[in-house]
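Visitor: I am sharing final.txt, which consists of compact mmCIF, C-alpha atoms and all ligand atoms:
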# COMPACT_ATOMS: atom_id res chain seq x y z
CA MET T 1 0.00 0.00 0.00
CA GLN T 2 1.12 3.55 -0.64
CA ALA T 3 0.13 7.09 0.28
CA GLN T 4 1.40 10.52 -0.64
CA LEU T 5 2.28 12.01 2.76
CA ASP T 6 4.31 14.99 3.98
CA GLY T 7 7.77 14.47 2.54
CA GLY T 8 6.71 12.15 -0.30
CA ARG T 9 5.33 8.71 -1.01
CA LEU T 10 5.41 6.20 1.84
CA SER T 11 4.70 2.54 1.34
CA TRP T 12 3.76 -0.20 3.77
CA SER T 13 2.46 -3.77 3.97
CA GLU T 14 -0.49 -4.84 6.07
CA ALA T 15 -1.83 -8.10 7.46
CA GLY T 16 -4.42 -9.24 9.95
CA GLY T 17 -7.36 -7.08 8.89
CA GLN T 18 -9.04 -4.22 10.70
CA SER T 19 -8.56 -4.11 14.47
CA GLU T 20 -8.02 -1.52 17.17
CA ASN T 21 -4.99 -3.58 18.21
CA VAL T 22 -2.16 -2.42 16.00
CA LEU T 23 1.38 -3.77 15.73
CA LEU T 24 3.86 -1.59 13.84
CA LEU T 25 6.93 -3.44 12.51
CA VAL T 26 9.98 -1.24 11.86
CA HIS T 27 12.72 -2.77 9.75
CA GLY T 28 16.49 -2.65 10.26
CA PHE T 29 19.36 -1.49 8.04
CA PRO T 30 19.66 -1.82 5.07
CA PHE T 31 16.45 -3.78 4.74
CA ASN T 32 12.82 -2.95 3.96
CA SER T 33 9.41 -4.19 5.09
CA ALA T 34 9.98 -7.48 3.21
CA MET T 35 12.17 -8.58 6.13
CA TRP T 36 8.93 -9.00 8.13
CA ALA T 37 7.43 -11.53 5.67
CA PRO T 38 7.21 -14.37 8.25
CA GLN T 39 5.36 -12.08 10.66
CA LEU T 40 3.01 -10.72 7.95
CA GLU T 41 2.27 -14.29 6.79
CA ASP T 42 1.41 -15.41 10.33
CA PRO T 43 -0.13 -12.34 11.96
CA PRO T 44 -1.02 -12.48 15.64
CA PRO T 45 -4.73 -13.26 16.09
CA ARG T 46 -6.87 -10.12 16.62
CA TRP T 47 -4.05 -7.76 15.65
CA ARG T 48 -3.66 -5.50 12.61
CA VAL T 49 -0.03 -5.55 11.48
CA ILE T 50 1.50 -2.59 9.63
CA ALA T 51 5.05 -2.80 8.25
CA PRO T 52 6.27 0.45 6.65
CA ASP T 53 9.23 0.95 4.35
CA LEU T 54 11.41 3.65 5.93
CA ARG T 55 12.24 6.60 3.68
CA GLY T 56 14.38 5.60 0.71
CA PHE T 57 13.88 1.87 1.33
CA GLY T 58 11.45 -0.51 -0.36
CA ALA T 59 8.91 1.57 -2.26
CA SER T 60 9.10 4.66 -0.02
CA GLU T 61 10.52 7.79 -1.62
CA PRO T 62 13.78 9.13 -0.21
CA SER T 63 13.75 12.34 1.79
CA SER T 64 15.14 15.48 0.19
CA ASP T 65 16.52 16.54 3.60
CA PRO T 66 19.46 14.81 5.32
CA GLN T 67 17.98 11.77 7.03
CA THR T 68 17.83 11.48 10.82
CA MET T 69 16.26 9.03 13.26
CA ASP T 70 13.81 11.83 14.14
CA GLY T 71 12.90 12.09 10.45
CA TYR T 72 12.15 8.36 10.19
CA ALA T 73 10.14 8.58 13.44
CA GLU T 74 8.18 11.57 12.15
CA ASP T 75 7.21 9.54 9.07
CA LEU T 76 5.91 6.73 11.28
CA ALA T 77 3.76 9.16 13.26
CA THR T 78 2.45 10.69 10.01
CA LEU T 79 1.61 7.24 8.66
CA LEU T 80 -0.20 6.19 11.85
CA LYS T 81 -2.21 9.43 11.80
CA HIS T 82 -3.02 8.89 8.10
CA LEU T 83 -4.30 5.40 8.99
CA ARG T 84 -6.24 6.85 11.95
CA VAL T 85 -4.30 4.71 14.40
CA ARG T 86 -4.15 6.40 17.80
CA GLU T 87 -1.73 3.97 19.42
CA ALA T 88 0.31 0.93 18.44
CA VAL T 89 2.68 -1.64 19.82
CA LEU T 90 6.02 -0.67 18.29
CA CYS T 91 8.30 -3.51 17.22
CA GLY T 92 11.71 -2.58 15.81
CA LEU T 93 14.73 -4.61 14.82
CA SER T 94 18.17 -3.05 15.20
CA MET T 95 17.97 0.32 13.36
CA GLY T 96 14.20 -0.10 13.69
CA GLY T 97 14.80 0.06 17.45
CA TYR T 98 16.81 3.29 17.09
CA VAL T 99 13.86 4.76 15.15
CA ILE T 100 11.46 3.65 17.88
CA PHE T 101 13.54 5.38 20.56
CA ALA T 102 13.30 8.60 18.51
CA PHE T 103 9.54 8.02 18.14
CA LEU T 104 9.13 7.55 21.91
CA ARG T 105 10.92 10.83 22.64
CA ARG T 106 8.24 12.62 20.60
CA TYR T 107 5.14 10.44 20.71
CA LEU T 108 5.21 8.34 23.87
CA ARG T 109 1.42 8.64 24.08
CA MET T 110 1.05 6.81 20.75
CA ALA T 111 2.93 3.76 22.08
CA ARG T 112 0.92 0.93 23.65
CA GLY T 113 3.83 -1.46 24.07
CA LEU T 114 7.30 -2.27 22.80
CA VAL T 115 9.11 -5.16 21.17
CA LEU T 116 12.82 -4.39 20.87
CA CYS T 117 14.73 -6.89 18.75
CA ASP T 118 18.51 -7.11 18.35
CA THR T 119 19.00 -3.45 19.13
CA ARG T 120 20.76 -1.18 21.59
CA ALA T 121 20.07 2.14 23.31
CA GLU T 122 23.58 3.62 23.22
CA ALA T 123 24.82 5.99 20.55
CA ASP T 124 27.66 4.91 18.26
CA THR T 125 31.16 4.75 19.69
CA PRO T 126 33.85 6.72 17.79
CA GLU T 127 35.01 3.41 16.26
CA ALA T 128 31.48 2.56 15.11
CA ARG T 129 31.15 6.02 13.57
CA ALA T 130 34.43 5.57 11.71
CA GLY T 131 33.17 2.20 10.45
CA ARG T 132 29.99 3.82 9.15
CA LYS T 133 32.03 6.46 7.32
CA GLN T 134 34.06 3.75 5.66
CA MET T 135 30.91 1.82 4.75
CA ALA T 136 29.30 4.95 3.28
CA LEU T 137 32.40 5.48 1.16
CA SER T 138 32.18 1.91 -0.13
CA ALA T 139 28.46 2.34 -0.89
CA ARG T 140 29.15 5.56 -2.82
CA GLN T 141 32.05 4.10 -4.78
CA GLN T 142 30.87 0.54 -5.41
CA GLY T 143 27.14 0.52 -4.65
CA THR T 144 25.06 -1.30 -2.07
CA PHE T 145 26.68 -4.58 -3.09
CA ALA T 146 29.81 -3.54 -1.17
CA VAL T 147 27.82 -2.96 2.02
CA VAL T 148 26.14 -6.34 1.66
CA GLU T 149 29.56 -7.98 1.34
CA ILE T 150 30.73 -6.29 4.56
CA MET T 151 27.56 -6.97 6.57
CA LEU T 152 26.24 -10.34 5.44
CA PRO T 153 28.95 -12.54 7.00
CA ARG T 154 28.13 -11.06 10.43
CA LEU T 155 24.34 -10.99 10.15
CA LEU T 156 23.39 -14.61 10.39
CA ALA T 157 23.92 -17.52 12.77
CA GLN T 158 26.11 -20.28 11.34
CA ARG T 159 23.02 -22.38 10.84
CA SER T 160 21.34 -19.79 8.57
CA MET T 161 24.34 -19.31 6.27
CA ARG T 162 24.05 -20.67 2.73
CA THR T 163 20.33 -21.26 3.22
CA PRO T 164 17.33 -19.58 1.52
CA VAL T 165 17.34 -17.08 4.44
CA GLU T 166 20.75 -15.80 3.32
CA THR T 167 19.60 -15.58 -0.31
CA ARG T 168 16.46 -13.67 0.66
CA LEU T 169 18.31 -11.30 2.96
CA ARG T 170 20.87 -10.57 0.24
CA GLN T 171 18.06 -9.75 -2.22
CA ILE T 172 16.39 -7.41 0.27
CA MET T 173 19.66 -5.61 1.04
CA GLU T 174 20.78 -5.30 -2.57
CA ALA T 175 17.44 -3.67 -3.45
CA SER T 176 18.33 -0.66 -1.25
CA PRO T 177 19.63 2.31 -3.28
CA PRO T 178 23.17 3.39 -2.30
CA GLU T 179 21.98 6.96 -1.57
CA SER T 180 19.46 5.63 0.99
CA VAL T 181 22.13 3.39 2.48
CA VAL T 182 24.47 6.38 2.87
CA SER T 183 21.67 8.51 4.39
CA ALA T 184 20.79 5.82 6.91
CA LEU T 185 24.45 5.35 7.86
CA ARG T 186 24.70 9.06 8.57
CA ALA T 187 21.45 9.00 10.55
CA MET T 188 22.69 6.08 12.68
CA ALA T 189 26.09 7.70 13.26
CA THR T 190 24.49 10.92 14.52
CA ARG T 191 21.75 9.38 16.67
CA PRO T 192 21.77 10.35 20.35
CA ASP T 193 22.19 8.03 23.30
CA SER T 194 18.73 6.71 24.23
CA THR T 195 19.81 5.19 27.56
CA PRO T 196 18.28 8.03 29.65
CA LEU T 197 14.90 7.25 28.06
CA LEU T 198 14.83 3.62 29.19
CA ARG T 199 13.88 4.12 32.82
CA HIS T 200 10.76 6.01 31.69
CA LEU T 201 9.57 3.08 29.59
CA GLY T 202 8.35 1.02 32.57
CA VAL T 203 4.88 2.38 31.76
CA LEU T 204 4.86 0.27 28.57
CA PRO T 205 4.67 -3.53 28.38
CA THR T 206 8.02 -4.40 26.81
CA GLN T 207 9.36 -7.58 25.22
CA ILE T 208 13.04 -7.74 24.30
CA ILE T 209 14.15 -10.38 21.80
CA VAL T 210 17.66 -11.27 20.64
CA GLY T 211 19.26 -14.01 18.59
CA ALA T 212 21.61 -16.09 20.77
CA ASP T 213 24.33 -15.80 18.09
CA ASP T 214 23.82 -12.14 17.19
CA ALA T 215 27.32 -10.77 16.49
CA LEU T 216 26.18 -7.17 15.84
CA THR T 217 24.02 -6.61 18.92
CA PRO T 218 24.94 -9.56 21.14
CA PRO T 219 22.67 -10.87 23.93
CA GLY T 220 24.68 -8.78 26.42
CA GLU T 221 23.18 -5.66 24.84
CA ALA T 222 19.69 -7.10 25.21
CA ARG T 223 20.39 -7.85 28.89
CA LEU T 224 21.40 -4.22 29.42
CA LEU T 225 18.08 -3.12 27.89
CA ALA T 226 16.16 -5.62 30.02
CA ARG T 227 17.86 -4.39 33.20
CA ALA T 228 17.19 -0.75 32.34
CA ILE T 229 13.52 -1.02 31.30
CA PRO T 230 11.47 -1.77 34.42
CA GLY T 231 9.23 -4.84 34.09
CA SER T 232 10.47 -5.85 30.63
CA PHE T 233 10.76 -9.47 29.48
CA LEU T 234 13.78 -10.89 27.66
CA GLU T 235 13.80 -13.85 25.29
CA VAL T 236 16.93 -15.25 23.65
CA ILE T 237 16.19 -17.16 20.42
CA PRO T 238 18.56 -20.14 19.93
CA ASP T 239 20.25 -20.74 16.54
CA ALA T 240 19.57 -17.19 15.37
CA GLY T 241 21.84 -14.23 14.66
CA HIS T 242 20.89 -10.61 14.03
CA VAL T 243 17.57 -11.34 12.28
CA PRO T 244 15.82 -13.97 14.45
CA ASN T 245 12.43 -13.12 12.91
CA LEU T 246 13.72 -14.50 9.58
CA GLU T 247 16.13 -17.13 10.85
CA GLN T 248 13.80 -18.76 13.39
CA PRO T 249 10.37 -17.40 12.45
CA ARG T 250 8.40 -19.99 14.39
CA ALA T 251 10.24 -19.38 17.66
CA PHE T 252 10.14 -15.62 17.10
CA ASN T 253 6.41 -15.59 16.33
CA THR T 254 5.66 -17.72 19.39
CA VAL T 255 7.30 -15.10 21.63
CA LEU T 256 5.67 -12.21 19.76
CA HIS T 257 2.18 -13.74 19.82
CA ARG T 258 2.44 -14.69 23.49
CA PHE T 259 3.43 -11.13 24.39
CA LEU T 260 0.64 -9.60 22.29
CA ASP T 261 -1.96 -12.10 23.59
CA GLY T 262 -1.00 -11.05 27.10
CA MET T 263 -1.83 -7.46 26.25
CA LEU T 264 -5.40 -8.37 25.29
CA VAL T 265 -6.43 -10.03 28.57
C1 LIG V 301 20.65 -2.97 11.53
O1 LIG V 301 20.48 -4.19 11.39
O2 LIG V 301 19.69 -2.19 11.51
C2 LIG V 301 22.06 -2.46 11.69
O3 LIG V 301 22.94 -3.51 11.89
C3 LIG V 301 22.12 -1.48 12.83
C4 LIG V 301 23.50 -0.91 13.01
O4 LIG V 301 24.35 -1.01 12.12
O5 LIG V 301 23.74 -0.31 14.08
Would you mind writing the structure in this file as structure tokens?
Ligand code: MLT

Guide:
Amino acid sequence: MQAQLDGGRLSWSEAGGQSENVLLLVHGFPFNSAMWAPQLEDPPPRWRVIAPDLRGFGASEPSSDPQTMDGYAEDLATLLKHLRVREAVLCGLSMGGYVIFAFLRRYLRMARGLVLCDTRAEADTPEARAGRKQMALSARQQGTFAVVEIMLPRLLAQRSMRTPVETRLRQIMEASPPESVVSALRAMATRPDSTPLLRHLGVLPTQIIVGADDALTPPGEARLLARAIPGSFLEVIPDAGHVPNLEQPRAFNTVLHRFLDGMLV
């Protein structure tokens, strides 16, 4: 689905039909909403699932302004308002989590709950920022392909390598235009530290999920989040790396559905 909104065309996928219970799935970098296919194909009962393409990814038009996490978050709020959704459970993977933290700083009242997957609250370290700069240079000079070559070996658990999951993930990543990849890298490198926000999130039911073999945001990061967000639950998915929703969709969906079911009773 697509709509012409402030800042250009935004696209999203939907599943589950009409319901007041809305789950918003926010993809990571450099993916698009297609990374949520296993969740869109098996939507939680009684929930409407909305999976947007962030600006410049999938079928969403890039922004003409320099991209920021606040900009991505603003788009999500605009989309929810366009769809007349007053509040949603926000589920973000990795960069999707960074976008959700920016959203919460502005629109806490629109959040009904949180699912934070393979993400972290801290800002980039100087080394991480330097790495992003280098990656942006590769994307500019050689295209997105170069970024895929750098990232893919670290994204998946051993068990998911050389499987259809790897092929699919590669296709999704390679579909991202280099300009959008560069913009997102800049946005991630300049994002603020969200740690001070975490202690205020106890008001929201929160599920944290991480792949046991995630090399990019290891389970230790998820434990830090779980300790900092009062009342949150943590689930570690075995045999999964940075994208447990794709690598172990059944285990991931079981955790997601259980959490969402619990919000309905
Ligand atoms: C992602 O999956 O969104 C990225 O790995 C996040 C990051 O590079 O920090």

Visitor: Throw together the list of residues within 6 Å of ligand LIG 301 (chain V), counting only C-alpha atoms and all ligand atoms, and drop it here as a list in words.

Guide: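 For ligand LIG 301 (chain V), the residues inside 6 Å are Gly28, Phe29, Ser94 and Met95 of chain T.
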
Visitor: With all atoms listed in the file as the basis for distance, which of T:Phe252, T:Trp36, T:Phe31, T:Phe233 is at the shortest distance from T:Leu114?

Guide: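 Distance minimum relative to T:Leu114 lands on T:Phe233.
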
Visitor: Identify, on the basis of all atoms listed in the file, every residue whose closest approach to T:Phe101 does not exceed 10 Å; exclude the query and any residue fewer than 5 positions from it along the same chain; express the result as a count of residues only.

Guide: 20

Visitor: Using only C-alpha atoms, which residues sit within 12 Å of T:Thr206 once same-chain residues fewer than 5 positions away are excluded, as number ranges by chain?

Guide: T: 89-92, 111-117, 198-201, 225-235, 255-256, 259-260, 262-263

Visitor: Would you list the contacts of stretch 136-148 of chain T as a VMD selection string, taking every protein, DNA or RNA residue within 8 Å and counting only C-alpha atoms, but skipping same-chain residues closer than 2 positions in sequence?

Guide: chain T and resid 132 to 134 150 to 152 170 173 to 174 176 to 179 181 to 182 185

Visitor: Between T:Ala189, T:Leu169, T:Val236, T:Leu40, single out the one closest to T:Glu122, counting only C-alpha atoms.

Guide: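 Looking at the shortest contact to T:Glu122, the residue is T:Ala189.
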
Visitor: Go ahead and compute the interatomic distance for atom CA of T:Pro153 and atom CA of T:Asp214, in Å to one decimal.

Guide: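 It comes out at 11.4 Å.
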
Visitor: If we count only C-alpha atoms, what is near T:Leu10 at a cut-off of 12 Å, once residues fewer than 3 positions away on the same chain are taken out, given as an mmCIF file with C-alpha atoms, in the coordinates of the input?

Guide:
data_model
loop_
_atom_site.group_PDB
_atom_site.id
_atom_site.type_symbol
_atom_site.label_atom_id
_atom_site.label_comp_id
_atom_site.auth_asym_id
_atom_site.auth_seq_id
_atom_site.Cartn_x
_atom_site.Cartn_y
_atom_site.Cartn_z
ATOM 1 C CA MET T 1 0.000 0.000 0.000
ATOM 2 C CA GLN T 2 1.120 3.550 -0.640
ATOM 3 C CA ALA T 3 0.130 7.090 0.280
ATOM 4 C CA GLN T 4 1.400 10.520 -0.640
ATOM 5 C CA LEU T 5 2.280 12.010 2.760
ATOM 6 C CA ASP T 6 4.310 14.990 3.980
ATOM 7 C CA GLY T 7 7.770 14.470 2.540
ATOM 8 C CA SER T 13 2.460 -3.770 3.970
ATOM 9 C CA ASN T 32 12.820 -2.950 3.960
ATOM 10 C CA SER T 33 9.410 -4.190 5.090
ATOM 11 C CA ALA T 51 5.050 -2.800 8.250
ATOM 12 C CA PRO T 52 6.270 0.450 6.650
ATOM 13 C CA ASP T 53 9.230 0.950 4.350
ATOM 14 C CA LEU T 54 11.410 3.650 5.930
ATOM 15 C CA ARG T 55 12.240 6.600 3.680
ATOM 16 C CA GLY T 56 14.380 5.600 0.710
ATOM 17 C CA PHE T 57 13.880 1.870 1.330
ATOM 18 C CA GLY T 58 11.450 -0.510 -0.360
ATOM 19 C CA ALA T 59 8.910 1.570 -2.260
ATOM 20 C CA SER T 60 9.100 4.660 -0.020
ATOM 21 C CA GLU T 61 10.520 7.790 -1.620
ATOM 22 C CA PRO T 62 13.780 9.130 -0.210
ATOM 23 C CA SER T 63 13.750 12.340 1.790
ATOM 24 C CA TYR T 72 12.150 8.360 10.190
ATOM 25 C CA GLU T 74 8.180 11.570 12.150
ATOM 26 C CA ASP T 75 7.210 9.540 9.070
ATOM 27 C CA LEU T 76 5.910 6.730 11.280
ATOM 28 C CA ALA T 77 3.760 9.160 13.260
ATOM 29 C CA THR T 78 2.450 10.690 10.010
ATOM 30 C CA LEU T 79 1.610 7.240 8.660
ATOM 31 C CA LEU T 80 -0.200 6.190 11.850
ATOM 32 C CA HIS T 82 -3.020 8.890 8.100
#

Visitor: Give me, please, the distance in Å between atom CA of T:Arg186 and atom CA of T:Phe103, quoted to one decimal.

Guide: 18.0 Å

Visitor: Using only the atoms of stretch 8-26 of chain T listed in the file, plus 8 Å on each side, state the axis-aligned box centre and edge lengths in Å rounded to one decimal, as JSON.

Guide:
{"center_x": 0.5, "center_y": 1.5, "center_z": 8.6, "size_x": 35.0, "size_y": 37.4, "size_z": 35.2}

Visitor: Calculate how many Å separate atom CA of T:Ser160 from atom CA of T:His27, rounding to one decimal.

Guide: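 Spanning atom CA of T:Ser160 to atom CA of T:His27 is a straight-line distance of 19.1 Å.
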
Visitor: Tell me, as an MDAnalysis selection string, which residues lie within 8 Å of T:Thr190, counting all atoms listed in the file; anything in the same chain fewer than 4 positions away does not count.

Guide: chainID T and resid 68 123:124 186

Visitor: Return the single residue from T:Ile172, T:Val85, T:Ile50, T:Leu204 that is closest to T:Trp12, with distances computed using only C-alpha atoms.

Guide: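 Looking at the shortest contact to T:Trp12, the residue is T:Ile50.
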
Visitor: Let me make sure I understand: among T:Thr217, T:Gln158, T:Thr167, T:Thr254, which one has the smallest atom-to-atom distance to T:Ala240 if we use only C-alpha atoms?

Guide: T:Gln158

Visitor: Between T:Gln39, T:Ala128, T:Ala175, T:Trp47, single out the one closest to T:Ala251, counting all atoms listed in the file.

Guide: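 Of the candidates, the smallest distance to T:Ala251 is held by T:Gln39.
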
Visitor: Using only C-alpha atoms, can you tell me which of T:Arg223, T:Val203, T:Leu93, T:Arg258 comes closest to T:Met35?

Guide: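 Result for the nearest residue to T:Met35: T:Leu93.
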